[in-house]
Every structure is written in structure tokens, then in C-alpha cells.
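Undergrad: My structure is in model.tsv, and what it holds is TSV, C-alpha atoms and all ligand atoms:
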```
chain	number	residue	atom	x	y	z
L	8	MET	CA	-2.94	-5.77	-5.19
L	9	THR	CA	-2.17	-2.11	-5.14
L	10	GLY	CA	-3.47	-0.07	-8.05
L	11	LYS	CA	-2.09	3.16	-9.37
L	12	ILE	CA	-2.51	5.85	-6.78
L	13	VAL	CA	-2.61	9.58	-7.35
L	14	LYS	CA	-0.27	11.26	-4.89
L	15	LYS	CA	-0.69	14.79	-3.65
L	16	ALA	CA	2.09	17.14	-2.61
L	17	THR	CA	2.86	17.37	1.09
L	18	SER	CA	4.84	20.60	1.03
L	19	SER	CA	2.10	23.19	1.37
L	20	VAL	CA	0.64	23.74	4.85
L	21	SER	CA	-2.50	25.85	5.45
L	22	TYR	CA	-3.17	28.27	8.30
L	23	ASP	CA	-4.65	25.53	10.51
L	24	GLY	CA	-1.64	23.24	10.06
L	25	THR	CA	-3.38	21.02	7.51
L	26	THR	CA	-1.24	19.91	4.60
L	27	ASP	CA	-2.53	19.71	1.04
L	28	GLU	CA	-2.30	15.96	1.32
L	29	GLN	CA	-4.42	15.83	4.49
L	30	ALA	CA	-7.04	18.13	2.95
L	31	TRP	CA	-7.11	15.88	-0.12
L	32	HIS	CA	-7.57	12.80	2.08
L	33	ARG	CA	-10.58	14.42	3.76
L	34	GLN	CA	-12.09	15.51	0.49
L	35	GLU	CA	-11.72	12.05	-1.10
L	36	THR	CA	-13.12	10.38	2.02
L	37	LEU	CA	-16.19	12.63	1.97
L	38	ARG	CA	-16.70	11.76	-1.70
L	39	ALA	CA	-16.39	8.03	-0.93
L	40	LEU	CA	-18.98	8.33	1.85
L	41	LYS	CA	-21.67	9.53	-0.55
L	42	GLY	CA	-24.19	6.76	-1.13
L	43	PHE	CA	-23.61	5.06	2.23
L	44	SER	CA	-26.15	5.27	5.04
L	45	ARG	CA	-24.86	6.10	8.51
L	46	LYS	CA	-25.09	2.50	9.72
L	47	ARG	CA	-22.25	0.87	11.59
L	48	ARG	CA	-22.55	-2.24	9.42
L	49	ASN	CA	-21.25	-0.11	6.53
L	50	LEU	CA	-17.89	0.36	8.23
L	51	ILE	CA	-15.97	-2.30	6.30
L	52	PRO	CA	-17.41	-1.46	2.84
L	53	ILE	CA	-16.63	2.21	3.56
L	54	LEU	CA	-13.06	1.41	4.59
L	55	GLN	CA	-12.61	-0.65	1.43
L	56	LYS	CA	-13.93	2.15	-0.74
L	57	VAL	CA	-11.80	4.83	0.91
L	58	GLN	CA	-8.69	2.67	0.69
L	59	GLY	CA	-9.51	2.06	-2.97
L	60	ARG	CA	-9.39	5.83	-3.53
L	61	LEU	CA	-6.44	6.74	-1.33
L	62	GLY	CA	-4.37	3.56	-1.42
L	63	TYR	CA	-4.38	3.41	2.39
L	64	LEU	CA	-6.29	4.67	5.42
L	65	PRO	CA	-4.70	7.81	6.85
L	66	LEU	CA	-5.74	9.25	10.20
L	67	GLU	CA	-7.84	12.01	8.62
L	68	ALA	CA	-9.88	9.44	6.69
L	69	MET	CA	-10.49	7.32	9.80
L	70	LYS	CA	-11.65	10.42	11.70
L	71	GLU	CA	-14.08	11.39	8.93
L	72	ILE	CA	-15.48	7.86	8.82
L	73	ALA	CA	-15.91	7.72	12.60
L	74	GLY	CA	-17.72	11.10	12.55
L	75	PHE	CA	-19.94	9.99	9.67
L	76	LEU	CA	-21.00	6.77	11.42
L	77	GLY	CA	-21.15	8.39	14.85
L	78	ILE	CA	-18.80	5.83	16.41
L	79	PRO	CA	-15.57	6.32	18.41
L	80	GLU	CA	-12.40	6.78	16.34
L	81	ILE	CA	-10.76	3.95	18.26
L	82	ASP	CA	-13.40	1.54	16.91
L	83	VAL	CA	-12.48	2.44	13.34
L	84	TYR	CA	-8.78	2.08	14.14
L	85	GLY	CA	-9.47	-1.30	15.79
L	86	VAL	CA	-11.12	-2.67	12.64
L	87	VAL	CA	-8.40	-1.26	10.36
L	88	THR	CA	-5.64	-2.91	12.40
L	89	PHE	CA	-7.56	-6.20	12.76
L	90	TYR	CA	-7.89	-6.96	9.04
L	91	ASN	CA	-4.84	-7.58	6.84
L	92	GLN	CA	-6.56	-6.05	3.84
L	93	PHE	CA	-6.26	-2.54	5.31
L	94	ARG	CA	-3.11	-0.45	5.16
L	95	LEU	CA	-2.07	2.25	7.61
L	96	ASN	CA	0.91	3.33	5.48
L	97	PRO	CA	0.82	5.05	2.11
L	98	PRO	CA	1.53	2.71	-0.77
L	99	GLY	CA	4.84	2.88	-2.60
L	100	LYS	CA	5.16	3.69	-6.29
L	101	HIS	CA	5.93	0.01	-6.89
L	102	ALA	CA	4.08	-2.86	-5.20
L	103	ILE	CA	6.13	-5.90	-4.20
L	104	ARG	CA	3.99	-8.90	-3.21
L	105	VAL	CA	5.74	-12.10	-2.14
L	106	CYS	CA	3.63	-15.22	-2.59
L	107	LEU	CA	3.49	-17.45	0.45
L	108	GLY	CA	1.00	-20.00	-0.92
L	109	THR	CA	1.86	-23.66	-0.41
L	110	ALA	CA	3.96	-24.16	-3.56
L	111	CYS	CA	5.90	-20.91	-3.05
L	112	HIS	CA	6.33	-21.64	0.64
L	113	MET	CA	7.79	-25.09	-0.20
L	114	LYS	CA	10.19	-23.51	-2.69
L	115	GLY	CA	11.54	-20.93	-0.25
L	116	GLY	CA	8.97	-18.12	-0.27
L	117	TYR	CA	10.02	-17.04	3.24
L	118	ILE	CA	13.66	-16.82	2.18
L	119	THR	CA	12.57	-14.59	-0.70
L	120	LEU	CA	10.51	-12.48	1.70
L	121	ASP	CA	13.54	-12.09	3.97
L	122	ALA	CA	15.64	-11.01	1.00
L	123	TRP	CA	13.10	-8.32	0.07
L	124	LYS	CA	12.94	-7.12	3.68
L	125	ARG	CA	16.72	-6.83	3.90
L	126	ARG	CA	17.15	-5.14	0.51
L	127	LEU	CA	14.30	-2.65	1.03
L	128	GLU	CA	14.98	-2.25	4.77
L	129	ILE	CA	11.29	-2.54	5.62
L	130	ASN	CA	8.95	-5.20	6.96
L	131	GLU	CA	5.83	-6.50	5.26
L	132	GLY	CA	3.00	-3.97	5.34
L	133	GLU	CA	5.49	-1.07	5.18
L	134	THR	CA	6.68	1.40	2.55
L	135	THR	CA	10.23	2.60	1.95
L	136	THR	CA	10.87	6.14	3.19
L	137	ASP	CA	11.25	7.41	-0.38
L	138	ARG	CA	7.80	5.88	-1.15
L	139	GLU	CA	9.30	3.93	-4.03
L	140	PHE	CA	8.34	0.42	-2.84
L	141	ASP	CA	5.88	-1.24	-0.52
L	142	LEU	CA	6.13	-4.84	0.58
L	143	ASP	CA	3.44	-7.35	1.37
L	144	THR	CA	2.60	-11.02	1.07
L	145	VAL	CA	-0.13	-12.77	-0.89
L	146	ALA	CA	-1.55	-16.27	-0.95
L	147	CYS	CA	-1.36	-18.34	-4.16
L	148	VAL	CA	-1.57	-16.16	-7.26
L	149	GLY	CA	-2.17	-19.10	-9.57
L	150	CYS	CA	1.32	-19.47	-11.05
L	151	CYS	CA	2.57	-22.30	-8.84
L	152	THR	CA	4.81	-23.80	-11.55
L	153	MET	CA	6.82	-20.55	-11.36
L	154	ALA	CA	7.37	-20.81	-7.58
L	155	PRO	CA	8.71	-19.00	-5.68
L	156	VAL	CA	6.75	-16.08	-7.13
L	157	THR	CA	6.93	-12.38	-6.34
L	158	VAL	CA	4.30	-10.17	-7.95
L	159	VAL	CA	5.90	-6.89	-8.95
L	160	ASP	CA	3.40	-4.18	-9.92
L	161	ASP	CA	0.80	-6.84	-10.76
L	162	ILE	CA	3.21	-8.91	-12.89
L	163	PRO	CA	4.18	-12.32	-11.47
L	164	GLU	CA	7.94	-12.86	-11.62
L	165	ALA	CA	9.08	-16.50	-11.73
L	166	LYS	CA	11.58	-18.20	-9.44
L	167	VAL	CA	12.38	-15.12	-7.40
L	168	GLU	CA	15.26	-16.13	-5.17
L	169	PRO	CA	17.50	-13.61	-3.34
L	170	THR	CA	19.80	-13.04	-6.33
L	171	LYS	CA	16.80	-12.26	-8.51
L	172	VAL	CA	15.59	-9.72	-5.93
L	173	ASP	CA	18.80	-7.80	-6.57
L	174	GLY	CA	18.23	-8.01	-10.33
L	175	ILE	CA	14.67	-6.64	-10.08
L	176	LEU	CA	15.81	-3.75	-7.89
L	177	LEU	CA	18.69	-2.99	-10.24
L	178	LYS	CA	16.24	-2.76	-13.14
L	179	PHE	CA	14.16	-0.19	-11.23
L	180	LYS	CA	17.30	1.75	-10.30
L	181	LEU	CA	18.45	1.92	-13.92
L	182	GLU	CA	14.98	3.01	-15.08
L	183	ARG	CA	14.93	5.77	-12.46
L	184	GLU	CA	18.38	6.98	-13.46
L	185	SER	CA	17.45	7.10	-17.12
L	186	GLU	CA	14.26	9.08	-16.30
L	187	GLU	CA	16.30	11.53	-14.21
L	188	GLN	CA	18.73	12.00	-17.07
L	189	LYS	CA	15.87	12.72	-19.48
L	190	ASP	CA	14.54	15.39	-17.08
L	191	GLN	CA	17.89	17.22	-17.02
Z	201	LIG	S1	1.61	-20.84	-4.24
Z	201	LIG	FE1	2.61	-19.15	-5.09
Z	201	LIG	S2	1.71	-19.01	-7.03
Z	201	LIG	FE2	0.68	-20.70	-6.15
```
Could I get this structure in the form of C-alpha cells?
TA:
Amino acid sequence: MTGKIVKKATSSVSYDGTTDEQAWHRQETLRALKGFSRKRRNLIPILQKVQGRLGYLPLEAMKEIAGFLGIPEIDVYGVVTFYNQFRLNPPGKHAIRVCLGTACHMKGGYITLDAWKRRLEINEGETTTDREFDLDTVACVGCCTMAPVTVVDDIPEAKVEPTKVDGILLKFKLERESEEQKDQ
């Protein structure tokens, strides 16, 4: 599940066209590489560590890792796209994880997943353009009596059918509006 991720501003661009965010990705990747030897077998543990720091694996991070291990960038990209555990997109502020374990599947987990896709206008593995939500699936999260389950920011929500999807999104919308009002 996605943890809390520190986001960096994307507005500032340096003389060489690098944004603050890209520079931060490089810096965090270099920090994550400390302690690893330059062996190709370290590729997956390195990718896991970098994703743990950044929340996903941006291009700059993959380039740094390829350079560190002395392997072609395409090899790093190939591994990242092969395994479901790796993300190519930045995580959203809120993580939506639809359970597709057996019990949830039997109780309509795919219908719930479709509802989330339609409401958020993204597919699984993607993030909304405002970076508010990302959507993914998980296997059984151990709350089968509550099926179909959607885990929202690490909290399992019970019996999430399409109408409940709307309710959860409405709650987030109201929270956001009240925060915006406080800021004014
Ligand atoms: S199958 Fe979904 S919680 Fe067990």
C-alpha cells in the first residue's frame, strides 16, 4: 500500500531544463543507492528502496540506477514494467485499492473496480491528473466478511458497491472544500 509521500514543487526549472522535482528524484535515488554494491542482482532491491522513497519510479531515477549498475536503461525499464509492484506514475494524495481476492471477487469486486475507474476517470495503476487519487488492486486484505472491500488510505472500507464509491468521494470533496475555506 502507498505510504505518505513528500511531494516537491514542479514549477521551478533550472538552466539545464531540470525541474526541482527531477533534481529531487535524482538526489533521493543517489541516497537510496548508498549501501548497495554495483551488482546487477541488486536491481530489484534497489528499485524497491527507491520507490519506497519516491512513491514511484520516475525516468530520472531509472537512469541513475542504470548508470550505477552499469546496465542499459532499457533493462531497468523492462524490469519495472514486468512487475506489478512497481509504479511508473506518481502516487496520488489518496490511495484507493480495490480488493480482488476470492471473497471480494465473488461479491462483485470487479463491478466496484469499474465504478472507481468511471468515477475517477483513470485505469488501475494510474493517478488522477490533479494527483488526488491513485487506483490499484490488491489480493485478499484479510477482511473477507466485509467483502467487497476497498482499502482507502490503508483503511479497509466494508461492502463498497458503486453507490458507496460515490459516498467516499463525496466525503473527500467535502473535506477538501472545508480545508480550502479555512485557508481563505
Ligand atoms: S478477498 Fe477481499 S478481503 Fe479477503
Undergrad: Need the shell around Thr119 of chain L: protein/DNA/RNA residues with any atom at most 8 Å away, counting all atoms listed in the file. Skip same-chain ones fewer than 4 positions apart. Format as a list in words?
TA: Val105, Gly115, Trp123, Pro155, Val167, Glu168, Pro169 and Val172 of chain L
Undergrad: May I ask which of the residues L:His32, L:Lys189, L:Arg126, L:Arg104 is the closest one to ligand LIG 201 (chain Z), counting only C-alpha atoms and all ligand atoms?
TA: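 The closest residue to ligand LIG 201 (chain Z) is L:Arg104.
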Undergrad: Give me, as a PyMOL selection string, the set of residues whose atoms come within 6 Å of any atom of ligand LIG 201 (chain Z), counting only C-alpha atoms and all ligand atoms.
TA: chain L and resi 106-111+147-151+154+156
Undergrad: Could you tell me which of L:Met113, L:Gly174, L:Phe93, L:Ala102 comes closest to Thr152 of chain L if we count all atoms listed in the file?
TA: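 Nearest candidate to Thr152 of chain L out of L:Met113, L:Gly174, L:Phe93, L:Ala102: L:Met113.
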Undergrad: Of the residues L:Asp27, L:Glu182, L:Ile72, L:Lys171, which is the one nearest to Ser44 of chain L, using all atoms listed in the file?
TA: L:Ile72
